[in-house]
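Chemist: Next comes the structure file final.cif, holding mmCIF, C-alpha atoms.
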```cif
data_start
loop_
_atom_site.label_atom_id
_atom_site.label_comp_id
_atom_site.auth_asym_id
_atom_site.auth_seq_id
_atom_site.Cartn_x
_atom_site.Cartn_y
_atom_site.Cartn_z
CA MET A 1 107.26 -5.24 188.63
CA LYS A 2 109.59 -2.25 188.54
CA TYR A 3 110.13 0.68 190.87
CA LEU A 4 110.82 4.33 190.06
CA ASN A 5 112.72 6.72 192.32
CA ASN A 6 109.52 8.57 193.16
CA GLY A 7 108.02 5.42 194.66
CA THR A 8 105.86 4.51 191.66
CA ARG A 9 105.45 0.80 190.96
CA ILE A 10 105.15 -0.21 187.30
CA ILE A 11 103.44 -3.50 186.51
CA GLU A 12 102.27 -5.04 183.25
CA ILE A 13 98.64 -6.11 183.06
CA ASN A 14 99.81 -9.58 181.97
CA GLU A 15 101.83 -9.83 185.18
CA MET A 16 98.65 -9.14 187.11
CA LEU A 17 96.83 -11.83 185.14
CA ASP A 18 99.60 -14.33 185.86
CA TYR A 19 99.49 -13.56 189.58
CA SER A 20 95.69 -13.86 189.58
CA GLU A 21 95.90 -17.23 187.85
CA CYS A 22 98.59 -18.58 190.17
CA SER A 23 100.95 -16.64 192.40
CA MET A 24 103.54 -19.43 192.14
CA LYS A 25 103.52 -19.07 188.36
CA TYR A 26 104.22 -15.37 188.84
CA TYR A 27 107.08 -16.19 191.22
CA TYR A 28 108.80 -18.60 188.85
CA LYS A 29 108.14 -16.49 185.77
CA TYR A 30 109.24 -13.09 187.07
CA ILE A 31 111.21 -13.44 190.32
CA ASN A 32 113.06 -16.75 190.71
CA GLU A 33 116.53 -16.29 189.18
CA GLU A 34 116.76 -19.89 188.00
CA THR A 35 113.53 -19.84 186.02
CA LYS A 36 112.48 -16.30 185.10
CA GLY A 37 112.37 -15.66 181.38
CA LYS A 38 113.57 -19.18 180.52
CA TYR A 39 110.53 -21.42 180.25
CA ALA A 40 108.01 -19.86 177.91
CA ASP A 41 105.15 -22.24 177.26
CA ILE A 42 104.46 -23.11 173.61
CA SER A 43 100.94 -21.73 173.98
CA GLU A 44 102.43 -18.36 174.99
CA LYS A 45 104.70 -18.45 171.93
CA TYR A 46 101.68 -19.20 169.78
CA ASP A 47 99.73 -16.30 171.28
CA LYS A 48 102.59 -13.89 170.56
CA ASP A 49 103.32 -15.15 167.03
CA ILE A 50 99.74 -15.39 165.76
CA LYS A 51 98.98 -11.90 167.03
CA THR A 52 102.14 -10.51 165.42
CA THR A 53 100.93 -12.00 162.13
CA LEU A 54 97.43 -10.57 162.50
CA TYR A 55 98.81 -7.15 163.40
CA SER A 56 100.67 -7.10 160.07
CA PHE A 57 97.36 -7.67 158.28
CA PHE A 58 95.69 -4.75 160.08
CA ILE A 59 98.69 -2.46 159.63
CA ASN A 60 98.67 -3.03 155.88
CA ARG A 61 94.94 -2.54 155.74
CA LYS A 62 95.26 0.73 157.65
CA LEU A 63 97.91 1.83 155.16
CA LYS A 64 95.58 0.73 152.35
CA ASN A 65 98.19 -1.71 151.04
CA GLU A 66 97.04 -4.81 149.23
CA TYR A 67 97.60 -7.74 151.56
CA LYS A 68 96.44 -11.04 150.16
CA LEU A 69 95.74 -14.18 152.10
CA ASN A 70 98.76 -16.05 150.74
CA VAL A 71 101.05 -13.23 151.94
CA LEU A 72 99.49 -13.48 155.38
CA LYS A 73 100.05 -17.25 155.43
CA LYS A 74 103.72 -16.79 154.52
CA SER A 75 104.05 -14.19 157.26
CA TRP A 76 102.61 -16.68 159.74
CA GLY A 77 105.06 -19.37 158.65
CA SER A 78 107.98 -16.99 159.06
CA ASN A 79 106.84 -15.82 162.49
CA TRP A 80 106.10 -19.31 163.82
CA ILE A 81 109.23 -21.07 162.63
CA GLY A 82 111.36 -18.02 163.35
CA SER A 83 110.23 -18.02 166.97
CA LYS A 84 111.62 -21.48 167.61
CA THR A 85 115.22 -22.32 168.48
CA ASN A 86 117.27 -24.75 166.42
CA LYS A 87 117.06 -27.23 169.28
CA GLU A 88 113.27 -27.13 169.25
CA LEU A 89 113.17 -27.55 165.47
CA VAL A 90 115.53 -30.54 165.56
CA PHE A 91 114.15 -32.46 168.49
CA GLU A 92 110.42 -31.98 168.08
CA THR A 93 108.89 -34.69 165.93
CA SER A 94 107.51 -33.69 162.56
CA GLY A 95 104.48 -35.96 162.86
CA ARG A 96 100.90 -34.80 162.78
CA ASN A 97 100.60 -35.03 166.52
CA SER A 98 103.60 -32.84 167.37
CA LYS A 99 102.83 -29.60 169.15
CA THR A 100 104.70 -27.60 166.53
CA GLU A 101 102.60 -28.97 163.70
CA PHE A 102 99.42 -28.66 165.75
CA TYR A 103 99.96 -24.96 166.37
CA ARG A 104 101.17 -24.34 162.83
CA GLN A 105 97.92 -25.69 161.40
CA LYS A 106 95.91 -23.95 164.09
CA GLY A 107 97.52 -20.68 163.06
CA ILE A 108 96.62 -21.20 159.41
CA ASN A 109 92.99 -21.84 160.34
CA THR A 110 92.95 -18.73 162.50
CA ILE A 111 94.35 -16.60 159.69
CA TYR A 112 91.63 -17.77 157.32
CA ASP A 113 88.94 -16.99 159.89
CA VAL A 114 90.18 -13.53 160.85
CA TYR A 115 90.94 -12.55 157.26
CA ASN A 116 87.47 -13.55 156.09
CA TYR A 117 85.78 -11.82 159.03
CA PHE A 118 87.52 -8.46 158.55
CA LYS A 119 88.29 -8.27 154.83
CA ASP A 120 84.95 -6.70 153.85
CA LYS A 121 84.20 -4.88 157.09
CA ASP A 122 83.57 -1.17 156.58
CA ILE A 123 85.78 0.07 159.39
CA GLU A 124 88.34 2.70 160.23
CA ILE A 125 91.30 1.27 162.11
CA ILE A 126 92.21 3.49 165.06
CA ALA A 127 94.90 1.48 166.88
CA ILE A 128 96.81 -1.78 166.45
CA ASN A 129 98.78 -3.33 169.29
CA GLU A 130 98.77 0.10 170.88
CA PRO A 131 100.29 0.51 174.36
CA TYR A 132 98.45 2.23 177.18
CA LYS A 133 99.09 2.98 180.82
CA ILE A 134 96.86 3.78 183.78
CA LYS A 135 97.98 5.45 186.99
CA ILE A 136 96.24 4.33 190.18
CA GLY A 137 97.85 6.07 193.13
CA LEU A 138 101.51 5.06 193.09
CA VAL A 139 100.86 2.12 190.74
CA GLU A 140 101.18 2.42 186.98
CA VAL A 141 99.65 -0.42 184.99
CA LYS A 142 100.83 -0.97 181.41
CA GLY A 143 99.04 -2.92 178.72
CA LYS A 144 98.19 -2.99 175.02
CA TRP A 145 95.02 -2.90 172.98
CA ASP A 146 95.02 -5.57 170.27
CA LEU A 147 92.76 -3.64 167.93
CA ILE A 148 90.50 -0.58 168.08
CA VAL A 149 88.23 0.22 165.14
CA ARG A 150 85.37 2.56 164.30
CA SER A 151 82.44 1.20 162.36
CA ILE A 152 81.72 3.46 159.37
CA VAL A 153 78.11 2.27 159.37
CA SER A 154 77.18 2.72 163.04
CA ASP A 155 80.01 5.07 164.14
CA ASN A 156 80.58 2.72 167.09
CA VAL A 157 84.09 2.46 168.49
CA ILE A 158 84.99 -1.16 169.21
CA ILE A 159 87.89 -2.61 171.20
CA PHE A 160 88.82 -6.12 170.09
CA ASP A 161 90.70 -8.42 172.45
CA PHE A 162 92.10 -11.39 170.52
CA ARG A 163 92.11 -14.44 172.77
CA THR A 164 93.93 -17.74 172.29
CA ASP A 165 93.22 -19.02 175.79
CA LYS A 166 89.98 -20.49 177.09
CA ILE A 167 87.20 -17.97 177.66
CA ASN A 168 84.75 -18.63 180.49
CA GLU A 169 81.98 -16.76 182.28
CA PHE A 170 84.40 -15.38 184.87
CA ASP A 171 86.52 -13.86 182.10
CA ILE A 172 83.52 -12.26 180.47
CA LYS A 173 82.35 -10.71 183.71
CA TYR A 174 85.53 -9.93 185.64
CA ASN A 175 88.72 -10.14 183.51
CA ILE A 176 90.88 -7.26 184.77
CA LYS A 177 92.70 -6.84 181.45
CA THR A 178 89.40 -6.00 179.77
CA THR A 179 88.54 -3.52 182.49
CA ALA A 180 91.98 -1.93 182.31
CA GLY A 181 91.68 -1.54 178.54
CA ALA A 182 88.24 0.04 178.82
CA LEU A 183 89.38 2.45 181.53
CA ALA A 184 92.54 3.40 179.62
CA PHE A 185 90.51 4.09 176.49
CA GLU A 186 88.17 6.40 178.37
CA LYS A 187 91.06 8.30 179.94
CA GLN A 188 93.01 8.63 176.69
CA PHE A 189 90.16 9.41 174.29
CA GLY A 190 87.74 11.17 176.64
CA ARG A 191 84.85 8.81 175.91
CA LYS A 192 83.80 5.25 176.55
CA ALA A 193 84.19 2.57 173.91
CA ASP A 194 80.83 1.53 172.47
CA LYS A 195 81.68 -2.17 172.44
CA LEU A 196 84.22 -4.47 174.04
CA ILE A 197 84.59 -7.71 172.09
CA TYR A 198 86.49 -10.89 172.84
CA TYR A 199 87.46 -12.53 169.57
CA ASP A 200 88.00 -16.20 170.43
CA LEU A 201 90.66 -17.22 167.90
CA ASN A 202 90.24 -20.89 168.80
CA LYS A 203 86.51 -21.25 168.25
CA VAL A 204 85.96 -18.28 165.93
CA SER A 205 83.41 -16.87 168.35
CA LEU A 206 82.76 -13.30 169.40
CA PHE A 207 81.67 -12.31 172.89
CA ILE A 208 80.41 -8.82 173.64
CA VAL A 209 81.39 -7.84 177.18
CA THR A 210 80.46 -4.85 179.30
CA ARG A 211 82.16 -2.91 182.08
CA ASP A 212 80.55 -0.39 184.43
CA ASP A 213 81.60 1.82 187.33
CA LEU A 214 81.51 -1.10 189.78
CA ASP A 215 83.90 -3.06 187.54
CA ILE A 216 86.27 -0.09 187.52
CA LYS A 217 86.14 0.10 191.31
CA LEU A 218 86.84 -3.64 191.61
CA TYR A 219 89.72 -3.37 189.14
CA LYS A 220 91.37 -0.57 191.08
CA GLN A 221 91.09 -2.55 194.31
CA ALA A 222 92.42 -5.70 192.65
CA THR A 223 95.43 -3.74 191.35
CA LYS A 224 96.27 -2.49 194.84
CA ASN A 225 95.80 -5.96 196.35
CA ILE A 226 98.00 -7.72 193.78
CA VAL A 227 100.82 -5.18 194.06
CA LYS A 228 100.71 -5.34 197.85
CA ALA A 229 100.76 -9.14 197.82
CA ILE A 230 103.78 -9.25 195.48
CA GLU A 231 105.65 -6.72 197.60
CA SER A 232 104.82 -8.74 200.71
CA GLY A 233 106.17 -11.92 199.12
CA ILE A 234 102.83 -13.71 199.20
CA PHE A 235 103.17 -16.67 196.85
CA TYR A 236 101.10 -19.79 197.41
CA VAL A 237 99.90 -22.84 195.52
CA LYS A 238 96.41 -22.70 194.07
CA PRO A 239 95.98 -26.20 192.60
CA ASN A 240 93.77 -26.53 189.53
CA GLU A 241 93.58 -28.40 186.25
CA LYS A 242 96.26 -26.14 184.74
CA CYS A 243 98.98 -27.40 187.09
CA LYS A 244 99.73 -30.50 185.00
CA LEU A 245 100.36 -28.33 181.93
CA CYS A 246 102.33 -25.62 183.70
CA GLN A 247 105.90 -25.10 182.48
CA TYR A 248 107.02 -24.62 186.09
CA LYS A 249 105.45 -27.75 187.54
CA ASN A 250 108.85 -29.42 188.08
CA TYR A 251 109.93 -26.49 190.24
CA CYS A 252 106.72 -25.83 192.11
CA PHE A 253 106.55 -27.58 195.48
CA ASN A 254 103.00 -28.59 194.61
CA SER A 255 104.39 -31.19 192.20
CA LYS A 256 106.89 -32.68 194.63
#
```
Take the structure I supplied and represent it as structure tokens, if you would.

Modeler:
Amino acid sequence: MKYLNNGTRIIEINEMLDYSECSMKYYYKYINEETKGKYADISEKYDKDIKTTLYSFFINRKLKNEYKLNVLKKSWGSNWIGSKTNKELVFETSGRNSKTEFYRQKGINTIYDVYNYFKDKDIEIIAINEPYKIKIGLVEVKGKWDLIVRSIVSDNVIIFDFRTDKINEFDIKYNIKTTAGALAFEKQFGRKADKLIYYDLNKVSLFIVTRDDLDIKLYKQATKNIVKAIESGIFYVKPNEKCKLCQYKNYCFNSK
């Protein structure tokens, strides 16, 4: 979180998600000098690299450039290998069960699925990885839309949120990133999006989600609460099944 001279706090929506998931994860990821910015989880690298690859597909489609599947696969290989340090490339095993190989193959499967889903869709691409910001009092929340399209057939405007993490009922109903994206769209374009869709890149499933005025009210309150808690130094352990996979587990006092 950053501060401007006029008292405005600037926070990324992903920071808010991290704090909501576990405030200790937020502490070690963004505040603790020994750990911040140094221990990116491989799943976070995968999320960034696969989306970068998919964005290139949509950018070329928007520009009406021919972008074949084999080009997309090569782009994925370049992004995935290029994101890894020499140390990671040398010391990770090359066997089928290595995490590197697992995510490499997972990425290829995802590319096939997304390419085949969108290649014949009659759509107008409005925005790709487009940043937005929402001002709530003295708090400015920043985020990005993965993809916004308009259906030529129905004229519906659709916001796609590409997800590589696990989607559950709580996400569908209450995920604050979805609410922030919907609110930002309405403020920027002067109308509500017709559909909000989670595209589950793991299971190749689509979930249509909805947000109403109550969701907006809850989101605004959650934003204020999270910012206040961070400023007050409220960081506490919230043990769950994710702790054993957390990249900060060796630092967190919950693991000691």

Chemist: Looking at A:Phe189, A:Tyr132, A:Tyr30, A:Trp145, which one is nearest to Tyr55 (chain A), with distances taken over only C-alpha atoms?

Modeler: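 Of all the options, A:Trp145 lies closest to Tyr55 (chain A).
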
Chemist: Measuring atom to atom with all atoms listed in the file, identify which of A:Asp212, A:Cys252, A:Lys220, A:Lys119 is nearest to Arg61 (chain A).

Modeler: A:Lys119

Chemist: On this file, the PyMOL selection byres ((chain A and resi 137) around 12) gives some set of residues; write that set as a PyMOL selection string.

Modeler: chain A and resi 6-10+134-136+138-141+220-221+223-224+227

Chemist: Starting from the shown file, work through the PyMOL selection byres ((chain A and resi 71-81) around 9) and note down what comes out as a list in words.

Modeler: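 Taken on the displayed file, the PyMOL selection byres ((chain A and resi 71-81) around 9) yields the residues Lys45, Tyr46, Asp49, Ile50, Thr52, Thr53, Leu54, Ser56, Phe57, Tyr67, Lys68, Leu69, Asn70, Gly82, Ser83, Lys84, Thr85, Leu89, Thr100, Tyr103, Arg104, Gly107, Ile108, Ile111, Tyr112 and Tyr115 of chain A.
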
Chemist: Looking at A:Gly190, A:Val204, A:Lys121, A:Gly233, which one is nearest to Tyr27 (chain A), with distances taken over only C-alpha atoms?

Modeler: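 Smallest separation from Tyr27 (chain A) among the options: A:Gly233.
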